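Structure data (PDB, C-alpha atoms and all ligand atoms) from entry_27.pdb:
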```pdb
ATOM      1  CA  MET A  15      14.120  -5.726 -10.535
ATOM      2  CA  THR A  16      11.511  -7.405  -8.419
ATOM      3  CA  ASP A  17      12.633  -9.714  -5.641
ATOM      4  CA  VAL A  18       9.862 -12.155  -4.847
ATOM      5  CA  ILE A  19       9.818 -13.636  -1.359
ATOM      6  CA  ILE A  20       7.330 -16.440  -0.840
ATOM      7  CA  VAL A  21       6.368 -16.923   2.800
ATOM      8  CA  PRO A  22       4.184 -19.628   4.337
ATOM      9  CA  HIS A  23       1.491 -17.274   5.599
ATOM     10  CA  LEU A  24       0.497 -13.657   6.052
ATOM     11  CA  HIS A  25       2.134 -13.272   9.455
ATOM     12  CA  ALA A  26       5.515 -14.424   8.182
ATOM     13  CA  GLY A  27       5.128 -11.792   5.445
ATOM     14  CA  GLY A  28       4.483  -9.118   8.068
ATOM     15  CA  ALA A  29       7.638 -10.078   9.912
ATOM     16  CA  ALA A  30       9.715 -10.082   6.699
ATOM     17  CA  ALA A  31       8.449  -6.639   5.668
ATOM     18  CA  ALA A  32       8.926  -5.239   9.172
ATOM     19  CA  THR A  33      12.542  -6.465   9.129
ATOM     20  CA  LEU A  34      13.157  -4.613   5.849
ATOM     21  CA  LEU A  35      11.578  -1.432   7.213
ATOM     22  CA  ALA A  36      13.554  -1.641  10.463
ATOM     23  CA  ALA A  37      16.789  -1.887   8.456
ATOM     24  CA  VAL A  38      15.945   1.310   6.535
ATOM     25  CA  LEU A  39      14.947   3.043   9.760
ATOM     26  CA  SER A  40      18.261   2.192  11.407
ATOM     27  CA  GLN A  41      20.056   3.950   8.540
ATOM     28  CA  LYS A  42      17.602   6.843   8.382
ATOM     29  CA  PRO A  43      15.676   7.544  11.617
ATOM     30  CA  ASP A  44      13.706  10.313   9.859
ATOM     31  CA  MET A  45      12.734   8.117   6.915
ATOM     32  CA  VAL A  46       9.621   8.837   4.875
ATOM     33  CA  LEU A  47       7.355   5.800   5.005
ATOM     34  CA  GLY A  48       4.544   5.166   2.550
ATOM     35  CA  VAL A  49       1.800   3.324   4.404
ATOM     36  CA  ALA A  50      -1.031   1.234   3.019
ATOM     37  CA  THR A  51      -4.402   0.549   4.587
ATOM     38  CA  GLY A  52      -6.250  -2.735   4.099
ATOM     39  CA  SER A  53      -5.968  -6.069   5.863
ATOM     40  CA  THR A  54      -2.782  -7.471   4.313
ATOM     41  CA  PRO A  55      -0.351  -4.888   5.737
ATOM     42  CA  LEU A  56      -1.719  -5.176   9.307
ATOM     43  CA  PRO A  57       0.832  -7.837  10.377
ATOM     44  CA  ILE A  58       3.594  -5.505   9.177
ATOM     45  CA  TRP A  59       2.468  -2.783  11.555
ATOM     46  CA  SER A  60       2.063  -5.190  14.456
ATOM     47  CA  ALA A  61       5.486  -6.781  13.845
ATOM     48  CA  LEU A  62       7.072  -3.336  13.589
ATOM     49  CA  ALA A  63       5.279  -2.114  16.728
ATOM     50  CA  ALA A  64       6.563  -5.172  18.616
ATOM     51  CA  MET A  65      10.133  -4.117  17.792
ATOM     52  CA  ARG A  66       9.576  -0.971  19.897
ATOM     53  CA  LEU A  67      11.715   1.203  17.628
ATOM     54  CA  ASP A  68      11.817   4.967  17.978
ATOM     55  CA  MET A  69       9.708   6.092  15.029
ATOM     56  CA  SER A  70       8.975   9.595  16.334
ATOM     57  CA  ARG A  71      10.996  11.244  13.529
ATOM     58  CA  VAL A  72       9.403   9.219  10.724
ATOM     59  CA  SER A  73       7.040  10.926   8.269
ATOM     60  CA  ALA A  74       4.243   8.818   6.821
ATOM     61  CA  PHE A  75       2.089   9.236   3.733
ATOM     62  CA  ALA A  76      -0.959   7.126   2.924
ATOM     63  CA  LEU A  77      -1.645   5.986  -0.617
ATOM     64  CA  ASP A  78      -5.235   7.152  -0.786
ATOM     65  CA  GLU A  79      -8.358   8.428   0.946
ATOM     66  CA  TYR A  80     -12.092   8.056   0.411
ATOM     67  CA  LEU A  81     -14.121  11.080  -0.618
ATOM     68  CA  ASP A  82     -17.634  11.950   0.571
ATOM     69  CA  LEU A  83     -17.380  10.529   4.101
ATOM     70  CA  PRO A  84     -18.180  12.876   6.987
ATOM     71  CA  PRO A  85     -15.044  14.320   8.663
ATOM     72  CA  GLY A  86     -13.714  11.951  11.320
ATOM     73  CA  HIS A  87     -15.589   8.914   9.932
ATOM     74  CA  PRO A  88     -13.964   5.835  11.535
ATOM     75  CA  GLU A  89     -13.417   4.208   8.117
ATOM     76  CA  SER A  90     -11.838   7.292   6.561
ATOM     77  CA  TYR A  91      -8.226   6.418   5.907
ATOM     78  CA  ALA A  92      -7.158   9.363   8.083
ATOM     79  CA  ALA A  93      -8.861   7.592  10.997
ATOM     80  CA  VAL A  94      -7.680   4.102   9.957
ATOM     81  CA  VAL A  95      -4.055   5.204   9.559
ATOM     82  CA  HIS A  96      -4.167   6.963  12.929
ATOM     83  CA  ARG A  97      -5.712   3.981  14.741
ATOM     84  CA  GLU A  98      -3.979   1.053  13.052
ATOM     85  CA  ILE A  99      -0.598   2.499  12.129
ATOM     86  CA  ALA A 100       0.331   5.832  13.739
ATOM     87  CA  VAL A 101      -0.665   4.978  17.325
ATOM     88  CA  PRO A 102       0.861   1.464  17.455
ATOM     89  CA  LEU A 103       4.089   2.643  15.820
ATOM     90  CA  GLY A 104       4.383   5.785  17.945
ATOM     91  CA  LEU A 105       4.447   8.117  14.940
ATOM     92  CA  ASN A 106       4.232  11.866  15.480
ATOM     93  CA  PRO A 107       0.656  12.730  14.342
ATOM     94  CA  ARG A 108       1.957  15.979  12.806
ATOM     95  CA  LYS A 109       4.120  13.918  10.454
ATOM     96  CA  VAL A 110       1.337  11.571   9.312
ATOM     97  CA  HIS A 111      -0.405  12.547   6.086
ATOM     98  CA  THR A 112      -3.444  11.341   4.159
ATOM     99  CA  PRO A 113      -4.893  13.148   1.137
ATOM    100  CA  ASP A 114      -7.259  15.841   2.453
ATOM    101  CA  ALA A 115     -10.765  14.769   1.498
ATOM    102  CA  GLN A 116     -12.321  17.820   3.115
ATOM    103  CA  ALA A 117     -10.241  20.369   1.156
ATOM    104  CA  ASP A 118     -11.115  21.989  -2.162
ATOM    105  CA  LEU A 119     -10.786  19.036  -4.514
ATOM    106  CA  ARG A 120      -9.249  21.226  -7.201
ATOM    107  CA  ASP A 121      -6.240  21.732  -4.947
ATOM    108  CA  ALA A 122      -6.047  18.593  -2.790
ATOM    109  CA  PRO A 123      -4.222  16.319  -5.293
ATOM    110  CA  SER A 124      -1.443  18.787  -6.071
ATOM    111  CA  ALA A 125      -1.184  19.744  -2.383
ATOM    112  CA  TYR A 126      -0.544  16.076  -1.573
ATOM    113  CA  GLU A 127       2.133  15.798  -4.251
ATOM    114  CA  SER A 128       3.769  18.952  -2.840
ATOM    115  CA  ALA A 129       3.690  17.567   0.704
ATOM    116  CA  ILE A 130       5.435  14.363  -0.419
ATOM    117  CA  ARG A 131       8.052  16.395  -2.289
ATOM    118  CA  ALA A 132       8.578  18.734   0.678
ATOM    119  CA  ALA A 133       9.241  15.713   2.913
ATOM    120  CA  GLY A 134      11.993  14.631   0.497
ATOM    121  CA  GLY A 135      10.051  11.894  -1.310
ATOM    122  CA  ILE A 136       9.020   8.492  -0.031
ATOM    123  CA  ASP A 137      11.862   6.182   0.990
ATOM    124  CA  VAL A 138       9.850   2.972   1.227
ATOM    125  CA  GLN A 139       6.257   2.558   0.092
ATOM    126  CA  VAL A 140       4.234  -0.423   1.267
ATOM    127  CA  VAL A 141       1.519  -1.398  -1.214
ATOM    128  CA  GLY A 142      -1.215  -4.004  -1.221
ATOM    129  CA  ILE A 143      -2.875  -5.219  -4.396
ATOM    130  CA  GLY A 144      -6.556  -5.472  -5.226
ATOM    131  CA  ARG A 145      -8.100  -8.583  -6.746
ATOM    132  CA  ASN A 146      -8.422  -6.562  -9.928
ATOM    133  CA  GLY A 147      -4.738  -5.578  -9.886
ATOM    134  CA  HIS A 148      -5.196  -2.111  -8.446
ATOM    135  CA  ILE A 149      -2.520  -0.352  -6.388
ATOM    136  CA  GLY A 150      -3.658   2.488  -4.202
ATOM    137  CA  PHE A 151      -7.049   3.181  -5.751
ATOM    138  CA  ASN A 152      -5.631   3.068  -9.275
ATOM    139  CA  GLU A 153      -8.202   0.784 -10.811
ATOM    140  CA  PRO A 154      -7.750  -1.056 -14.145
ATOM    141  CA  GLY A 155      -7.463   1.481 -16.942
ATOM    142  CA  SER A 156      -5.595   4.044 -14.838
ATOM    143  CA  SER A 157      -2.643   5.868 -16.347
ATOM    144  CA  LEU A 158       0.627   4.191 -15.468
ATOM    145  CA  SER A 159       2.279   7.598 -15.177
ATOM    146  CA  GLY A 160      -0.560   9.315 -13.315
ATOM    147  CA  ARG A 161      -0.054  11.644 -10.381
ATOM    148  CA  THR A 162      -2.306  12.051  -7.322
ATOM    149  CA  HIS A 163      -5.850  12.512  -8.602
ATOM    150  CA  ILE A 164      -9.553  12.103  -7.905
ATOM    151  CA  ALA A 165     -10.824   8.723  -9.089
ATOM    152  CA  ASN A 166     -13.824   6.428  -8.966
ATOM    153  CA  LEU A 167     -13.674   3.105  -7.158
ATOM    154  CA  ALA A 168     -14.262  -0.008  -9.248
ATOM    155  CA  ALA A 169     -17.440  -1.931  -8.403
ATOM    156  CA  GLN A 170     -15.351  -4.900  -7.255
ATOM    157  CA  THR A 171     -13.267  -2.707  -4.935
ATOM    158  CA  ARG A 172     -16.432  -1.301  -3.372
ATOM    159  CA  ARG A 173     -17.724  -4.837  -2.821
ATOM    160  CA  ASP A 174     -14.386  -5.932  -1.349
ATOM    161  CA  ASN A 175     -14.323  -2.943   1.011
ATOM    162  CA  ALA A 176     -17.977  -3.280   2.046
ATOM    163  CA  ARG A 177     -16.791  -5.442   4.963
ATOM    164  CA  PHE A 178     -15.612  -2.244   6.678
ATOM    165  CA  PHE A 179     -19.022  -0.547   6.361
ATOM    166  CA  GLU A 180     -22.562  -1.421   7.435
ATOM    167  CA  SER A 181     -23.671  -1.928   3.833
ATOM    168  CA  LEU A 182     -22.421  -1.655   0.268
ATOM    169  CA  ASP A 183     -24.358   1.614  -0.186
ATOM    170  CA  GLN A 184     -22.209   3.238   2.447
ATOM    171  CA  VAL A 185     -18.926   2.520   0.646
ATOM    172  CA  PRO A 186     -17.837   5.736  -1.067
ATOM    173  CA  THR A 187     -17.700   5.785  -4.832
ATOM    174  CA  ARG A 188     -14.902   8.351  -5.100
ATOM    175  CA  CYS A 189     -11.409   8.758  -3.691
ATOM    176  CA  ILE A 190      -8.171  10.706  -3.912
ATOM    177  CA  THR A 191      -5.287   8.406  -4.709
ATOM    178  CA  GLN A 192      -1.605   8.694  -5.407
ATOM    179  CA  GLY A 193      -1.192   7.971  -9.107
ATOM    180  CA  VAL A 194       0.846   5.039 -10.354
ATOM    181  CA  GLY A 195       3.550   7.542 -11.336
ATOM    182  CA  THR A 196       3.575   8.925  -7.788
ATOM    183  CA  ILE A 197       3.873   5.416  -6.359
ATOM    184  CA  LEU A 198       6.746   4.611  -8.729
ATOM    185  CA  ASP A 199       8.639   7.667  -7.431
ATOM    186  CA  ALA A 200       9.177   5.928  -4.070
ATOM    187  CA  ARG A 201      12.808   4.841  -3.729
ATOM    188  CA  ARG A 202      11.789   1.346  -2.721
ATOM    189  CA  LEU A 203       8.504  -0.531  -2.860
ATOM    190  CA  ILE A 204       7.279  -3.458  -0.800
ATOM    191  CA  LEU A 205       4.270  -5.206  -2.342
ATOM    192  CA  VAL A 206       2.378  -7.512  -0.005
ATOM    193  CA  ALA A 207      -0.298 -10.013  -0.964
ATOM    194  CA  SER A 208      -2.000 -12.861   0.798
ATOM    195  CA  GLY A 209      -4.628 -15.441  -0.049
ATOM    196  CA  ARG A 210      -5.776 -17.394  -3.071
ATOM    197  CA  ARG A 211      -8.176 -14.650  -4.133
ATOM    198  CA  LYS A 212      -5.121 -12.482  -4.920
ATOM    199  CA  ALA A 213      -3.251 -15.192  -6.864
ATOM    200  CA  ASP A 214      -4.361 -14.132 -10.364
ATOM    201  CA  ALA A 215      -3.641 -10.455  -9.668
ATOM    202  CA  VAL A 216      -0.197 -11.282  -8.255
ATOM    203  CA  ALA A 217       0.718 -13.429 -11.272
ATOM    204  CA  ALA A 218      -0.504 -10.756 -13.681
ATOM    205  CA  ALA A 219       1.323  -8.003 -11.802
ATOM    206  CA  LEU A 220       4.663  -9.774 -11.457
ATOM    207  CA  GLU A 221       4.809 -11.896 -14.600
ATOM    208  CA  GLY A 222       2.276 -10.530 -17.066
ATOM    209  CA  PRO A 223       2.665  -7.683 -19.525
ATOM    210  CA  VAL A 224       2.947  -4.140 -18.191
ATOM    211  CA  THR A 225      -0.533  -2.856 -18.869
ATOM    212  CA  ALA A 226      -3.046  -0.326 -17.587
ATOM    213  CA  SER A 227      -5.431  -3.288 -17.282
ATOM    214  CA  VAL A 228      -3.330  -4.382 -14.287
ATOM    215  CA  PRO A 229      -2.003  -1.179 -12.689
ATOM    216  CA  ALA A 230       0.239  -3.166 -10.295
ATOM    217  CA  SER A 231       2.147  -4.488 -13.325
ATOM    218  CA  ALA A 232       3.792  -1.038 -13.506
ATOM    219  CA  LEU A 233       5.891  -2.111 -10.525
ATOM    220  CA  GLN A 234       7.920  -4.172 -13.018
ATOM    221  CA  LEU A 235       9.317  -0.836 -14.231
ATOM    222  CA  HIS A 236      10.705   0.062 -10.796
ATOM    223  CA  PRO A 237      14.322  -0.842  -9.995
ATOM    224  CA  ASP A 238      13.783  -1.761  -6.329
ATOM    225  CA  VAL A 239      10.651  -3.754  -5.550
ATOM    226  CA  VAL A 240      10.317  -6.541  -3.011
ATOM    227  CA  ALA A 241       7.129  -8.578  -3.378
ATOM    228  CA  ILE A 242       6.293 -10.538  -0.230
ATOM    229  CA  VAL A 243       3.532 -13.025  -0.983
ATOM    230  CA  ASP A 244       2.212 -16.007   0.892
ATOM    231  CA  GLU A 245       1.951 -19.470  -0.643
ATOM    232  CA  ASP A 246      -1.709 -18.982  -1.583
ATOM    233  CA  ALA A 247      -1.113 -15.634  -3.272
ATOM    234  CA  ALA A 248       1.933 -17.156  -5.033
ATOM    235  CA  SER A 249      -0.008 -20.179  -6.277
ATOM    236  CA  ARG A 250      -0.414 -18.906  -9.864
ATOM    237  CA  LEU A 251       3.166 -17.715 -10.324
ATOM    238  CA  SER A 252       4.951 -19.536 -13.166
ATOM    239  CA  PHE A 253       8.423 -18.940 -11.794
ATOM    240  CA  ALA A 254       7.836 -19.643  -8.098
ATOM    241  CA  ASP A 255      10.666 -22.195  -7.950
ATOM    242  CA  HIS A 256      13.058 -19.675  -9.409
ATOM    243  CA  TYR A 257      12.028 -17.048  -6.839
ATOM    244  CA  ARG A 258      12.505 -19.527  -4.023
ATOM    245  CA  MET A 259      16.047 -20.294  -5.234
ATOM    246  CA  SER A 260      16.943 -16.644  -5.648
ATOM    247  CA  ALA A 261      15.306 -15.323  -2.440
ATOM    248  CA  PRO A 262      17.603 -12.485  -1.307
ATOM    249  CA  HIS A 263      18.026 -13.804   2.222
ATOM    250  CA  GLY A 264      17.220 -17.446   1.565
ATOM    251  CA  ASP A 265      15.732 -17.673   5.041
ATOM    252  CA  ALA A 266      12.727 -15.370   4.656
ATOM    253  CA  ALA A 267      10.333 -18.292   4.308
TER
HETATM  254  P1  LIG B 301      -6.445  -5.849   1.372
HETATM  255  O1  LIG B 301      -6.493  -4.641   0.340
HETATM  256  O2  LIG B 301      -5.056  -5.900   1.915
HETATM  257  O3  LIG B 301      -7.450  -5.492   2.434
HETATM  258  O4  LIG B 301      -6.810  -7.094   0.619
HETATM  259  C1  LIG B 301      -5.501  -4.510  -0.604
HETATM  260  C2  LIG B 301      -5.927  -3.504  -1.639
HETATM  261  O5  LIG B 301      -7.098  -3.467  -2.021
HETATM  262  O6  LIG B 301      -5.071  -2.735  -2.113
END
```
Turn this file's structure into structure tokens for me.
Amino acid sequence: MTDVIIVPHLHAGGAAAATLLAAVLSQKPDMVLGVATGSTPLPIWSALAAMRLDMSRVSAFALDEYLDLPPGHPESYAAVVHREIAVPLGLNPRKVHTPDAQADLRDAPSAYESAIRAAGGIDVQVVGIGRNGHIGFNEPGSSLSGRTHIANLAAQTRRDNARFFESLDQVPTRCITQGVGTILDARRLILVASGRRKADAVAAALEGPVTASVPASALQLHPDVVAIVDEDAASRLSFADHYRMSAPHGDAA
């Protein structure tokens, strides 16, 4: 089932998620961590980095990667994951994986699935959510059992991500993304969301029907999901009071 933890603000969410990840790491120093790019998870990585844990044995897999950027582009997720996650956390670069956008695209999706399998599967996957309910780059209409695949970015996602590029034209239109089915294979999922602009997507994902129109709603089918959302992102939840009463640790907020 989904545990929903409502925190006052994004930074409290980062600390709560980092605490969960540190607990898994203490049990399994070679854990397989699913990392997410985007702004919302950044406080997780900084809170985790501040704990100064030995993460040199951890393997990491990103959810997705842009296609059609030149190799080494600073906004490619390979570069973003290296800069914003792998370096601060002290991950071994050889154990950090993003889908290979420069490989033959007929092989890259299945190669990524094989790499995840060979690592033993993902222990904990961190996921953000798009305003349109996407997870990874699984935009509305994506198969809820899909595997890693080539996909097109929704127009809204390109507009939302234009802040990382000089102009909207420069935002890629294609990507390789873990499928929803791949994401659901993770043993545990931590969904993070912040801000009022995510409130409708969060409510639809956590409380609406399970539907391809809101790919994040598929998380309702997973037995071990923790959703960490700030007050603004939680503002459209119908059962917020119930979640507050049943918060697993009571003190997370
Ligand atoms: P954000 O991205 O954290 O930058 O809002 C989340 C997402 O689009 O999945």
Show me, as JSON, the centre and edge lengths in Å to one decimal of the axis-aligned box that covers every listed atom of region 254-258 of chain A with 4 Å on each side.
```
{"center_x": 10.4, "center_y": -19.6, "center_z": -6.7, "size_x": 13.2, "size_y": 13.1, "size_z": 13.4}
```
- Item | Surrounding residues as a ChimeraX atom specification, ligand LIG 301 (chain B), max 6 Å, all atoms listed in the file | /A:52-54,142-144,149-150
- Task: Find the residues near Phe178 (chain A): any atom within 12 Å, counting all atoms listed in the file, skip ones fewer than 3 places away on the same chain, and give them as a list in words.
- Result: Thr51, Gly52, Ser53, His87, Pro88, Glu89, Ser90, Tyr91, Val94, Thr171, Arg172, Arg173, Asp174, Asn175, Ser181, Leu182, Asp183, Gln184, Val185 and Pro186 of chain A
- Within 7 Å of region 97-113 of chain A using only C-alpha atoms, minus same-chain residues under 3 positions, as a ChimeraX atom specification: /A:59,63,69-70,72-76,78-79,92-94,122,126,190
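For the choices A:Ala125, A:Ala226, A:Ala215, A:Leu158, the atom-to-atom distance to Leu198 (chain A) is smallest for A:Leu158 when using only C-alpha atoms.
Picked by the PyMOL selection byres (((chain A and resi 214) around 9) and not hetatm) from the coordinates shown: Arg145, Asn146, Gly147, Arg210, Arg211, Lys212, Ala213, Ala215, Val216, Ala217, Ala218, Ala219, Ala247, Ala248, Ser249, Arg250 and Leu251 of chain A.
For the pair CA of His25 (chain A) and CA of Ile58 (chain A), the separation is 7.9 Å.
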- Query: CA of Val194 (chain A) to CA of Asn152 (chain A): how many Å, to one decimal?
  - Reply: 6.9 Å
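The closest residue to Gln139 (chain A), picked from A:Ala36, A:Val239, A:Val49, A:Leu233 and counting all atoms listed in the file, is A:Val49.
Taken over the shown file, the PyMOL selection byres (((chain A and resi 159) around 9) and not hetatm) identifies Ser156, Ser157, Leu158, Gly160, Arg161, Gly193, Val194, Gly195, Thr196, Leu198 and Ala232 of chain A.
Pairwise distance (CA of Ile20 (chain A), CA of Gln170 (chain A)) equals 26.2 Å.
Considering the residues A:Val21, A:Leu62, A:Val141, A:Ala31 and counting only C-alpha atoms, Leu77 (chain A) has its shortest atom-to-atom contact with A:Val141.
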- Check the smallest atom-to-atom distance from each of A:Ala176, A:Ala37, A:Leu167, A:Ala207 to Pro57 (chain A) using all atoms listed in the file, then report the winner. A:Ala207
- Message: Using all atoms listed in the file, can you tell me which of A:Leu56, A:Ala254, A:Met45, A:Ala168 comes closest to Leu24 (chain A)?
- Response: A:Leu56
- Picked residues, the PyMOL selection byres (((chain A and resi 188) around 7) and not hetatm), as number ranges by chain: A: 80-81, 165-167, 186-187, 189
- Message: Residues within 12 Å of Ala30 (chain A), please, as a PyMOL selection string. Count only C-alpha atoms; anything in the same chain fewer than 4 positions from it doesn't count.
- Response: chain A and resi 18-26+34-37+55+57-62+204-206+240-244+261-267
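Closest approach to Glu127 (chain A) among A:Asp68, A:Thr162, A:Val224, A:Gly28: A:Thr162, based on all atoms listed in the file.
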